[in-house]
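**Student:** File follows, input_0.txt with compact mmCIF, C-alpha atoms and all ligand atoms:
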```txt
# COMPACT_ATOMS: atom_id res chain seq x y z
CA MET A 186 13.72 -11.43 8.36
CA ILE A 187 10.52 -11.26 6.37
CA SER A 188 8.65 -14.48 5.85
CA GLN A 189 5.09 -13.39 5.07
CA CYS A 190 3.12 -10.66 3.33
CA LEU A 191 2.39 -7.74 5.66
CA ASN A 192 -1.33 -7.93 4.89
CA PRO A 193 -2.91 -9.95 7.74
CA ALA A 194 -5.71 -11.05 5.39
CA CYS A 195 -3.15 -12.53 2.99
CA ARG A 196 -0.03 -13.73 4.80
CA LYS A 197 1.37 -15.23 1.62
CA GLU A 198 4.75 -16.79 2.30
CA LEU A 199 7.78 -15.13 0.82
CA HIS A 200 9.79 -17.49 -1.34
CA TYR A 201 11.25 -15.17 -3.96
CA LEU A 202 11.58 -11.42 -4.16
CA ARG A 203 10.17 -11.37 -7.65
CA ASN A 204 6.97 -9.50 -7.06
CA GLY A 205 5.58 -7.05 -4.58
CA ARG A 206 7.55 -4.54 -2.62
CA VAL A 207 10.05 -4.77 0.20
CA ILE A 208 10.86 -1.86 2.43
CA ARG A 209 13.43 -1.44 5.12
CA THR A 210 12.91 0.78 8.13
CA THR A 211 15.51 1.92 10.60
CA ARG A 212 14.66 3.09 14.05
CA ARG A 213 17.09 4.50 16.56
CA ILE A 214 16.55 3.24 20.08
CA GLY A 215 19.15 4.84 22.28
CA ALA A 216 22.54 4.05 20.76
CA GLU A 217 21.14 1.10 18.83
CA VAL A 218 19.71 1.17 15.34
CA GLN A 219 16.95 -1.34 14.77
CA VAL A 220 16.44 -2.43 11.18
CA GLU A 221 13.21 -4.09 10.06
CA HIS A 222 12.04 -5.35 6.69
CA PHE A 223 8.45 -5.56 5.47
CA TRP A 224 7.07 -7.16 2.34
CA LEU A 225 3.80 -6.72 0.46
CA CYS A 226 3.14 -9.37 -2.18
CA GLY A 227 2.33 -8.29 -5.72
CA GLU A 228 -1.44 -8.68 -5.36
CA CYS A 229 -1.60 -6.79 -2.07
CA HIS A 230 0.73 -4.05 -3.31
CA MET A 231 -1.82 -3.27 -6.03
CA ASP A 232 -4.49 -2.53 -3.41
CA PHE A 233 -2.42 -1.38 -0.43
CA ASP A 234 0.62 0.68 0.33
CA PHE A 235 2.82 1.00 3.39
CA LEU A 236 1.78 3.49 6.02
CA PHE A 237 4.50 4.83 8.29
CA ALA A 238 3.44 5.97 11.73
CA LYS A 239 5.46 8.55 13.62
CA ASP A 240 6.39 5.98 16.25
CA GLY A 241 8.10 3.88 13.58
CA ARG A 242 5.39 1.27 13.17
CA VAL A 243 4.45 0.12 9.70
CA SER A 244 0.90 -0.72 8.73
CA LEU A 245 -1.27 -0.87 5.62
CA ALA A 246 -3.19 1.87 3.90
CA PRO A 247 -5.59 1.18 1.05
CA ARG A 248 -4.45 2.77 -2.18
CA PRO A 249 -6.62 5.56 -3.47
CA ARG A 250 -8.46 4.42 -6.55
CA PHE A 251 -7.94 7.36 -8.85
CA ILE A 252 -9.60 5.79 -11.85
CA ALA A 253 -12.73 4.73 -9.97
CA THR A 254 -13.00 8.09 -8.17
CA ALA A 255 -12.42 10.08 -11.33
CA HIS A 256 -15.09 8.05 -13.08
CA VAL A 257 -17.64 8.92 -10.39
CA ASP A 258 -16.57 12.57 -10.16
CA ILE A 259 -16.54 13.13 -13.87
CA GLY A 260 -19.52 10.90 -14.50
CA LYS A 261 -21.94 12.76 -12.23
CA PRO A 262 -21.66 16.28 -13.67
CA ALA A 263 -21.65 14.79 -17.16
CA MET A 264 -25.09 13.38 -16.46
CA ASP A 265 -26.38 16.91 -15.93
CA LEU A 266 -24.79 18.23 -19.08
CA LEU A 267 -26.91 18.59 -22.11
CA LEU A 268 -24.93 18.91 -25.30
CA VAL A 269 -26.75 20.68 -28.10
CA SER A 270 -25.28 20.92 -31.54
ZN ZN B 1 -0.30 -10.36 0.13
```
Can you dump the structure from the file as structure tokens?
**Tutor:**
Amino acid sequence: MISQCLNPACRKELHYLRNGRVIRTTRRIGAEVQVEHFWLCGECHMDFDFLFAKDGRVSLAPRPRFIATAHVDIGKPAMDLLLVS
């Protein structure tokens, strides 16, 4: 069973399932089905998401920062724009 946040830099202990995200994975090994649970605490789930490898392992992937990226992408061309009225 889950006891800590999946993020190795955090490892917050799980006391209540109030925040964050829990996932369940199932993996078939021969005739047996292995079930695993993973938890990301609320703070880590804001910055990371679960990454599922083809071999069934679960790791972390940083969330894309759409707002920050959009700001840079939109901000740069806007600097070259000259608005004349
Ligand atoms: Zn965490």
**Student:** Collect all residues with atoms no farther than 10 Å from ligand ZN 1 (chain B), counting all atoms listed in the file, and output them as number ranges by chain.
**Tutor:** A: 189-199, 205, 224-233
**Student:** Quick one: residues within 9 Å of Ser244 (chain A), only C-alpha atoms, excluding same-chain residues fewer than 5 positions away - as JSON, numbers by chain?
**Tutor:** {"A": [191, 192, 234, 235, 236, 237, 238]}
**Student:** For the selection just defined, write its residues with C-alpha atoms to a file, as a JSON list (two decimals), keeping the file's coordinate frame.
**Tutor:**
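Saved file out-v3.json follows:
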```json
[["chain", "number", "residue", "atom", "x", "y", "z"],
["A", 191, "LEU", "CA", 2.39, -7.74, 5.66],
["A", 192, "ASN", "CA", -1.33, -7.93, 4.89],
["A", 234, "ASP", "CA", 0.62, 0.68, 0.33],
["A", 235, "PHE", "CA", 2.82, 1.00, 3.39],
["A", 236, "LEU", "CA", 1.78, 3.49, 6.02],
["A", 237, "PHE", "CA", 4.50, 4.83, 8.29],
["A", 238, "ALA", "CA", 3.44, 5.97, 11.73]]
```
**Student:** What gap, in Å, lies between CA of Phe223 (chain A) and CA of Ile208 (chain A)?
**Tutor:**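 So the answer is 5.4 Å.
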**Student:** If I take CA of Ile187 (chain A) and CA of Gly215 (chain A), how far is one from the other in Å, to one decimal?
**Tutor:**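 Interatomic distance here is 24.2 Å.
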**Student:** The centre and edge lengths of an axis-aligned box containing all atoms of region 212-229 of chain A present in the file, extended by 4 Å on each side, are to be given in Å to one decimal, as JSON.
**Tutor:**
```
{"center_x": 10.5, "center_y": -2.3, "center_z": 8.3, "size_x": 32.1, "size_y": 22.2, "size_z": 36.0}
```
**Student:** What is the CA of Val243 (chain A)-CA of Arg212 (chain A) distance in Å, reported with one decimal?
**Tutor:**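 Between these atoms lies a distance of 11.5 Å.
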**Student:** With N, CA and C atoms as the target, complete region 229-249 of chain A and hand it back as a PDB file, in the frame of the given file.
**Tutor:**
```
ATOM      1  N   CYS A 229      -1.255  -7.741  -3.134  1.00  0.00           N
ATOM      2  CA  CYS A 229      -1.600  -6.790  -2.070  1.00  0.00           C
ATOM      3  C   CYS A 229      -1.031  -5.405  -2.366  1.00  0.00           C
ATOM      4  N   HIS A 230       0.125  -5.347  -3.030  1.00  0.00           N
ATOM      5  CA  HIS A 230       0.730  -4.050  -3.310  1.00  0.00           C
ATOM      6  C   HIS A 230      -0.090  -3.275  -4.335  1.00  0.00           C
ATOM      7  N   MET A 231      -0.937  -3.968  -5.085  1.00  0.00           N
ATOM      8  CA  MET A 231      -1.820  -3.270  -6.030  1.00  0.00           C
ATOM      9  C   MET A 231      -2.946  -2.547  -5.293  1.00  0.00           C
ATOM     10  N   ASP A 232      -3.361  -3.095  -4.157  1.00  0.00           N
ATOM     11  CA  ASP A 232      -4.490  -2.530  -3.410  1.00  0.00           C
ATOM     12  C   ASP A 232      -4.067  -1.742  -2.177  1.00  0.00           C
ATOM     13  N   PHE A 233      -2.861  -2.023  -1.669  1.00  0.00           N
ATOM     14  CA  PHE A 233      -2.420  -1.380  -0.430  1.00  0.00           C
ATOM     15  C   PHE A 233      -1.021  -0.801  -0.590  1.00  0.00           C
ATOM     16  N   ASP A 234      -0.732   0.152   0.268  1.00  0.00           N
ATOM     17  CA  ASP A 234       0.620   0.680   0.330  1.00  0.00           C
ATOM     18  C   ASP A 234       1.043   0.745   1.795  1.00  0.00           C
ATOM     19  N   PHE A 235       2.315   0.941   2.019  1.00  0.00           N
ATOM     20  CA  PHE A 235       2.820   1.000   3.390  1.00  0.00           C
ATOM     21  C   PHE A 235       2.446   2.348   4.007  1.00  0.00           C
ATOM     22  N   LEU A 236       2.096   2.283   5.267  1.00  0.00           N
ATOM     23  CA  LEU A 236       1.780   3.490   6.020  1.00  0.00           C
ATOM     24  C   LEU A 236       2.759   3.560   7.180  1.00  0.00           C
ATOM     25  N   PHE A 237       3.464   4.679   7.264  1.00  0.00           N
ATOM     26  CA  PHE A 237       4.500   4.830   8.290  1.00  0.00           C
ATOM     27  C   PHE A 237       3.996   5.729   9.402  1.00  0.00           C
ATOM     28  N   ALA A 238       3.872   5.172  10.583  1.00  0.00           N
ATOM     29  CA  ALA A 238       3.440   5.970  11.730  1.00  0.00           C
ATOM     30  C   ALA A 238       4.646   6.697  12.307  1.00  0.00           C
ATOM     31  N   LYS A 239       4.365   7.754  13.063  1.00  0.00           N
ATOM     32  CA  LYS A 239       5.460   8.550  13.620  1.00  0.00           C
ATOM     33  C   LYS A 239       6.283   7.756  14.644  1.00  0.00           C
ATOM     34  N   ASP A 240       5.657   6.767  15.258  1.00  0.00           N
ATOM     35  CA  ASP A 240       6.390   5.980  16.250  1.00  0.00           C
ATOM     36  C   ASP A 240       7.223   4.871  15.593  1.00  0.00           C
ATOM     37  N   GLY A 241       7.257   4.839  14.275  1.00  0.00           N
ATOM     38  CA  GLY A 241       8.100   3.880  13.580  1.00  0.00           C
ATOM     39  C   GLY A 241       7.378   2.608  13.158  1.00  0.00           C
ATOM     40  N   ARG A 242       6.119   2.472  13.551  1.00  0.00           N
ATOM     41  CA  ARG A 242       5.390   1.270  13.170  1.00  0.00           C
ATOM     42  C   ARG A 242       4.962   1.346  11.716  1.00  0.00           C
ATOM     43  N   VAL A 243       4.849   0.198  11.104  1.00  0.00           N
ATOM     44  CA  VAL A 243       4.450   0.120   9.700  1.00  0.00           C
ATOM     45  C   VAL A 243       3.121  -0.629   9.620  1.00  0.00           C
ATOM     46  N   SER A 244       2.168  -0.041   8.918  1.00  0.00           N
ATOM     47  CA  SER A 244       0.900  -0.720   8.730  1.00  0.00           C
ATOM     48  C   SER A 244       0.460  -0.552   7.278  1.00  0.00           C
ATOM     49  N   LEU A 245      -0.770  -0.928   6.989  1.00  0.00           N
ATOM     50  CA  LEU A 245      -1.270  -0.870   5.620  1.00  0.00           C
ATOM     51  C   LEU A 245      -2.235   0.274   5.430  1.00  0.00           C
ATOM     52  N   ALA A 246      -2.205   0.852   4.259  1.00  0.00           N
ATOM     53  CA  ALA A 246      -3.190   1.870   3.900  1.00  0.00           C
ATOM     54  C   ALA A 246      -3.726   1.494   2.526  1.00  0.00           C
ATOM     55  N   PRO A 247      -5.051   1.499   2.379  1.00  0.00           N
ATOM     56  CA  PRO A 247      -5.590   1.180   1.050  1.00  0.00           C
ATOM     57  C   PRO A 247      -5.174   2.249   0.055  1.00  0.00           C
ATOM     58  N   ARG A 248      -4.834   1.814  -1.136  1.00  0.00           N
ATOM     59  CA  ARG A 248      -4.450   2.770  -2.180  1.00  0.00           C
ATOM     60  C   ARG A 248      -5.675   3.529  -2.650  1.00  0.00           C
ATOM     61  N   PRO A 249      -5.507   4.823  -2.878  1.00  0.00           N
ATOM     62  CA  PRO A 249      -6.620   5.560  -3.470  1.00  0.00           C
ATOM     63  C   PRO A 249      -6.887   5.038  -4.883  1.00  0.00           C
TER      64      PRO A 249
END
```
